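A quick write-up on the structure given underneath.
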Amino acid sequence: MTDQTMVLRVENISKRLGGRQILKDVSLELHRGELKVLIGPSGGGKSTLLQCINFLIPPDEGRIWLGEQQIEIHRKQDLYAYRQKVGMIFQDFNLFDHLNALDNVSIALRKVKKIARKDAEERAMRELERVGLGDKTTLYPSQLSGGQKQRVSIARALAMDPEALLLDEPTSALDPELIGEVLGVIRNLAQDGMTMIMATHQLGFIRTLADDILFMQDGQIIEQGSPAELLDAENGSRTQAFCAKLNELSDESET
Amino acid sequence: MMKTLQVLCDSFPYLLGGAGVTAAAVTGAMLLGLLIGVNLAVVQVYCGAWPRRLVGLYVWFFRGVPILVLLFLFYFGLFSVLGINLSTFVAVILVLGMTSGAYQSQIYRGAIQSLPQGQLKAARALGMSDRRAILSIILPQALRLSIPGFSNEYSILLKDSALAYALGTPEIMARTHFVASRTYEHLPLYLMAALLYFALTWIGVKLLRKLEEKVRIPGYSLN
């Protein structure tokens with residue numbers, strides 16, 4: 001799936017918040033069709049990194065390129081255009097509470113891309129069908145389950161025709177039995193060649209789909225490699241130890 | 001007794017006309033207050049330190065000075081110094097509207113701040129400018145939440161509007177006073193005025209309650 005075309009390049013991002021260094025000199029590259037996974041203990045900077053990538057949290061230092069274009073946060077029009085091309089999925093969905101599923105997906109098409117209502121709604125309908133919610137279009141967020149909400153939010157991001165998706169622990173606010181439906185949608189995206197960077201602790205998903213694992217701790221990427229390399233029990237990596245711990249915990253909760 | 005009834009019957013259409021003036025003035029003032037209040041609230045939540053300070057000054061001034069003083073200050077003072085020639089009716093709408101705007105701004109500010117931060121983040125992440133996000137995402141939710149506070153403000157402003165009597169605006173209070181001072185039927189006439197205020201409060205609160213129901217987001221209530 002992966003080719004060598006660079007979609008997103010993040011260089012030496014640093015961020016301090018409240019006197020604490022949250023990110024130290026983080027760099028990464030995302031190639032077309034690639035799925036990179038961010039993993040690591042909470043407080044390690046995964047969520048801050050993802051939000052720095054689309055400037056929801058402005059980084060203190062560092063540079064970000066989309067393709068050939070370096071993004072300047074002060075050029076507002078460029079920033080807005082960039083954010084349209086880099087979709088974001090949040091841990092707690094952040095659907096617009098006053099809009100039904102269809103309007104949640106179509107509002108940015110209408111208000112940002114200035115697409116006529118009818119065309120925007122047709123497109124929104126297609127995206128909702130793609131995530132298996134073609135029959136839920138008139139329901140409001142408070143009438144949807146967590147898994148359905150997250151799928152609407154994925155449809156909302158996809159409707160903008162993004163070149164890459166940032167996914168910030170998309171399943172960690174979900175009940176165990178709802179995780180599968182969301183991961184299924186993300187799996188399909190990965191197989192269709194969507195470029196993604198995703199913070200997650202779903203090991204099965206990581207093993208089968210991730211091209212690359214970035215292990216983050218204390219604001220730095222301390223290990224990086226393919227799942228096969230990093231998760232090998234022999235190799236003694238920090239990632240392997242962390243995942244073994246995760247496995248142990250999930251085994252305990254199953255017994 | 002007969003004379004009392006006679007006076008009440010004769011003056012009723014006149015007083016009802018006063019209720020119309022009161023209703024029009026208060027509606028105008030509430031809408032002006034809505035416009036001012038929403039803008040002040042947005043500045044207070046989203047803008048930098050200096051604009052926020054200016055808004056703070058505005059709110060502090062209009063909440064800190066009695067309405068009667070404001071009416072005189074603007075109508076006899078500021079407007080005549082500036083050579084602006086306004087009817088008392090328009091002056092009342094402006095002064096009540098500006099005052100209500102100060103109070104309303106705090107209703108909207110509270111509502112905006114009660115929304116989860118993720119709403120703005122999600123809007124920004126889709127490429128919306130802050131202005132667009134505020135118009136399309138934040139205000140539609142915040143204004144819904146503000147209707148009970150708006151209704152409260154309406155019922156207070158309605159009664160404050162009786163002060164317009166001091167400028168000679170022909171509203172309920174001025175007209176009642178006019179009739180009472182000629183017929184000496186103070187008790188029944190002021191009771192009538194009280195009933196008119198009561199009725200206007202009731203109608204307004206009822207209508208706002210209807211509006212609240214109409215724009216309620218499905219699935220958002222507990223029942």
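Residues in the structure tokens are numbered from 1 in each chain, the chains being A, B, ... in the order shown, and ligands are numbered from 1 in the order shown.
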Using only C-alpha atoms and a distance of at most 9 Å, pull out the residues of chain A that contact chain B, as a CSV table (one decimal) with N, CA and C atoms, in the first residue's frame.
```csv
chain,number,residue,atom,x,y,z
A,54,ASN,N,-2.1,19.4,13.5
A,54,ASN,CA,-3.0,20.3,12.7
A,54,ASN,C,-3.2,21.6,13.4
A,55,PHE,N,-2.2,21.9,14.3
A,55,PHE,CA,-2.2,23.3,15.0
A,55,PHE,C,-3.4,23.6,15.8
A,56,LEU,N,-4.1,22.5,16.3
A,56,LEU,CA,-5.2,22.8,17.3
A,56,LEU,C,-4.5,23.2,18.6
A,76,LYS,N,-3.7,32.5,7.8
A,76,LYS,CA,-4.9,31.9,8.2
A,76,LYS,C,-5.6,31.1,7.1
A,77,GLN,N,-5.6,31.6,5.9
A,77,GLN,CA,-6.3,30.9,4.8
A,77,GLN,C,-5.6,29.6,4.5
A,79,LEU,N,-3.8,27.9,6.7
A,79,LEU,CA,-4.1,27.0,7.8
A,79,LEU,C,-5.4,26.3,7.7
A,80,TYR,N,-6.4,27.1,7.3
A,80,TYR,CA,-7.8,26.5,7.1
A,80,TYR,C,-7.8,25.5,6.0
A,81,ALA,N,-7.1,25.8,4.9
A,81,ALA,CA,-7.0,24.9,3.8
A,81,ALA,C,-6.3,23.6,4.2
A,82,TYR,N,-5.2,23.8,5.0
A,82,TYR,CA,-4.5,22.6,5.4
A,82,TYR,C,-5.3,21.7,6.3
A,83,ARG,N,-6.0,22.3,7.3
A,83,ARG,CA,-6.9,21.5,8.2
A,83,ARG,C,-7.9,20.8,7.4
A,84,GLN,N,-8.4,21.3,6.3
A,84,GLN,CA,-9.4,20.5,5.5
A,84,GLN,C,-8.8,19.3,5.0
A,85,LYS,N,-7.5,19.3,4.7
A,85,LYS,CA,-6.8,18.2,4.1
A,85,LYS,C,-6.3,17.2,5.1
A,86,VAL,N,-6.3,17.6,6.4
A,86,VAL,CA,-5.8,16.7,7.4
A,86,VAL,C,-7.0,16.5,8.4
A,87,GLY,N,-7.7,15.4,8.2
A,87,GLY,CA,-8.8,15.1,9.1
A,87,GLY,C,-8.4,14.7,10.5
A,88,MET,N,-9.3,15.0,11.4
A,88,MET,CA,-9.0,14.6,12.8
A,88,MET,C,-10.2,13.8,13.4
A,89,ILE,N,-9.8,12.7,14.1
A,89,ILE,CA,-10.8,11.9,14.8
A,89,ILE,C,-10.4,12.0,16.3
A,90,PHE,N,-11.4,12.4,17.1
A,90,PHE,CA,-11.1,12.7,18.6
A,90,PHE,C,-11.5,11.5,19.4
A,92,ASP,N,-13.2,11.6,22.2
A,92,ASP,CA,-14.6,11.7,22.6
A,92,ASP,C,-15.5,12.3,21.5
A,93,PHE,N,-15.2,12.0,20.3
A,93,PHE,CA,-16.0,12.2,19.1
A,93,PHE,C,-16.2,13.6,18.7
A,94,ASN,N,-16.6,14.5,19.7
A,94,ASN,CA,-16.8,15.9,19.4
A,94,ASN,C,-17.7,16.1,18.2
A,95,LEU,N,-18.8,15.3,18.1
A,95,LEU,CA,-19.8,15.6,17.2
A,95,LEU,C,-20.5,16.9,17.6
A,96,PHE,N,-21.1,17.7,16.6
A,96,PHE,CA,-21.8,18.9,16.9
A,96,PHE,C,-23.2,18.5,17.5
A,97,ASP,N,-23.4,18.8,18.8
A,97,ASP,CA,-24.5,18.3,19.5
A,97,ASP,C,-25.9,18.8,19.0
A,98,HIS,N,-25.9,19.9,18.3
A,98,HIS,CA,-27.2,20.5,17.8
A,98,HIS,C,-27.5,20.0,16.4
A,99,LEU,N,-26.7,19.2,15.8
A,99,LEU,CA,-27.0,18.8,14.4
A,99,LEU,C,-27.1,17.3,14.3
A,100,ASN,N,-28.0,16.8,13.5
A,100,ASN,CA,-28.2,15.4,13.3
A,100,ASN,C,-27.0,14.8,12.5
A,107,ILE,N,-22.1,19.9,7.3
A,107,ILE,CA,-22.0,21.3,7.6
A,107,ILE,C,-20.7,21.9,7.1
A,108,ALA,N,-19.6,21.2,7.2
A,108,ALA,CA,-18.3,21.8,6.8
A,108,ALA,C,-18.2,21.8,5.2
A,111,LYS,N,-20.4,25.0,4.7
A,111,LYS,CA,-19.9,26.3,5.3
A,111,LYS,C,-18.4,26.6,5.0
A,112,VAL,N,-17.7,25.5,4.8
A,112,VAL,CA,-16.2,25.7,4.5
A,112,VAL,C,-15.9,25.6,3.0
A,139,LEU,N,-30.7,11.0,13.1
A,139,LEU,CA,-30.6,11.0,14.5
A,139,LEU,C,-29.5,12.0,15.0
A,140,TYR,N,-29.8,12.5,16.2
A,140,TYR,CA,-28.8,13.4,16.8
A,140,TYR,C,-27.8,12.7,17.6
A,141,PRO,N,-26.7,13.3,17.9
A,141,PRO,CA,-25.6,12.7,18.7
A,141,PRO,C,-26.1,12.0,19.9
A,142,SER,N,-27.0,12.7,20.7
A,142,SER,CA,-27.4,12.1,21.9
A,142,SER,C,-28.3,10.9,21.7
A,143,GLN,N,-28.7,10.6,20.5
A,143,GLN,CA,-29.5,9.4,20.2
A,143,GLN,C,-28.7,8.3,19.6
A,156,ARG,N,-17.6,12.4,8.9
A,156,ARG,CA,-17.4,13.8,8.8
A,156,ARG,C,-16.0,14.2,8.3
A,157,ALA,N,-15.0,13.5,8.8
A,157,ALA,CA,-13.6,13.8,8.3
A,157,ALA,C,-13.4,13.3,6.9
A,160,MET,N,-14.5,15.5,3.8
A,160,MET,CA,-13.6,16.7,3.3
A,160,MET,C,-12.5,16.2,2.4
```
Considering only C-alpha atoms, return as a CSV table (one decimal) with N, CA and C atoms, in the first residue's frame whatever protein or nucleic-acid residues lie within 9 Å of A:Arg130, sequence-local ones (same chain, fewer than 4 positions apart) excluded.
```csv
chain,number,residue,atom,x,y,z
A,125,MET,N,-24.4,11.7,2.7
A,125,MET,CA,-25.2,10.5,2.7
A,125,MET,C,-24.2,9.3,2.3
A,126,ARG,N,-23.5,9.5,1.3
A,126,ARG,CA,-22.5,8.5,0.8
A,126,ARG,C,-21.5,8.1,1.9
A,134,GLY,N,-26.1,4.5,7.0
A,134,GLY,CA,-27.1,5.1,6.1
A,134,GLY,C,-28.5,5.2,6.6
A,155,ALA,N,-17.0,9.7,9.2
A,155,ALA,CA,-17.6,10.1,8.0
A,155,ALA,C,-17.5,11.6,7.8
A,185,VAL,N,-14.2,0.0,10.6
A,185,VAL,CA,-14.2,1.1,9.6
A,185,VAL,C,-12.8,1.6,9.3
```
Pull the helix (DSSP H, G or I) assignments for stretch 41-229 of chain A out of DSSP run on the backbone, and list those residues as JSON, numbers by chain.
{"A": [46, 47, 48, 49, 50, 51, 52, 53, 76, 77, 78, 79, 80, 81, 82, 83, 84, 85, 101, 102, 103, 104, 105, 106, 107, 108, 109, 110, 111, 117, 118, 119, 120, 121, 122, 123, 124, 125, 126, 127, 128, 129, 130, 141, 142, 143, 146, 147, 148, 149, 150, 151, 152, 153, 154, 155, 156, 157, 158, 176, 177, 178, 179, 180, 181, 182, 183, 184, 185, 186, 187, 188, 189, 190, 191, 203, 204, 205, 206, 207, 208, 209, 227, 228, 229]}
Point-to-point distance from atom CA of B:Phe72 to atom CA of B:Val95, Å rounded to tenths:
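Distance reported for this atom pair: 9.6 Å.
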Leaving out A:Ser42 and any residue of its chain fewer than 6 positions from it, which residues lie within 10 Å of it when counting only C-alpha atoms, given as a list in words?
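Returned residues: Met216, Gln217 and Asp218 of chain A.
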Please list as a ChimeraX atom specification every residue within 12 Å of stretch 85-92 of chain B, counting only C-alpha atoms and excluding residues in the same chain fewer than 5 positions away.
/B:18,21-30,32,67-68,70-80,97-100,157-158,160-171
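Taking only C-alpha atoms, the non-local environment of stretch 111-113 of chain B within 8 Å (same-chain residues fewer than 6 positions away omitted) comprises B:Val45, B:Ile138, B:Leu139, B:Ala142, B:Leu143, B:Leu145, B:Ser146.
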Could you jot down the atom CA of A:Gln4 to atom CA of A:Gln191 separation for me, Å, one decimal place?
17.1 Å
Hey, what's within 12 Å of stretch 230-243 of chain A if we count only C-alpha atoms and toss same-chain stuff fewer than 3 positions away? As a PyMOL selection string, please?
chain A and resi 37-42+200-204+206-208+210-217+221-227+246-250
When you draw a straight line from atom CA of A:Leu50 to atom CA of A:Asp161, how long is it in Å?
18.8 Å
Please give the complete set of residues from stretch 87-175 of chain A that DSSP, run on the backbone, assigns to strand (DSSP E), formatted as an NGL selection string.
:A and (87-89 or 164-168)
Those selected residues, please, written with C-alpha atoms and delivered as a short mmCIF file (atom, residue, chain, number, x, y, z; two decimals), in the first residue's frame.
```cif
data_model
loop_
_atom_site.label_atom_id
_atom_site.label_comp_id
_atom_site.auth_asym_id
_atom_site.auth_seq_id
_atom_site.Cartn_x
_atom_site.Cartn_y
_atom_site.Cartn_z
CA GLY A 87 -8.85 15.12 9.09
CA MET A 88 -9.00 14.60 12.82
CA ILE A 89 -10.80 11.94 14.84
CA ALA A 164 -4.31 12.15 5.81
CA LEU A 165 -6.20 11.35 9.00
CA LEU A 166 -5.07 11.94 12.57
CA LEU A 167 -6.80 9.57 14.98
CA ASP A 168 -6.48 10.31 18.68
#
```
Select, from A:Leu23, A:Lys113, A:Met194, A:Glu163, the residue with the minimum atom-to-atom distance to A:Val7, counting only C-alpha atoms.
A:Glu163
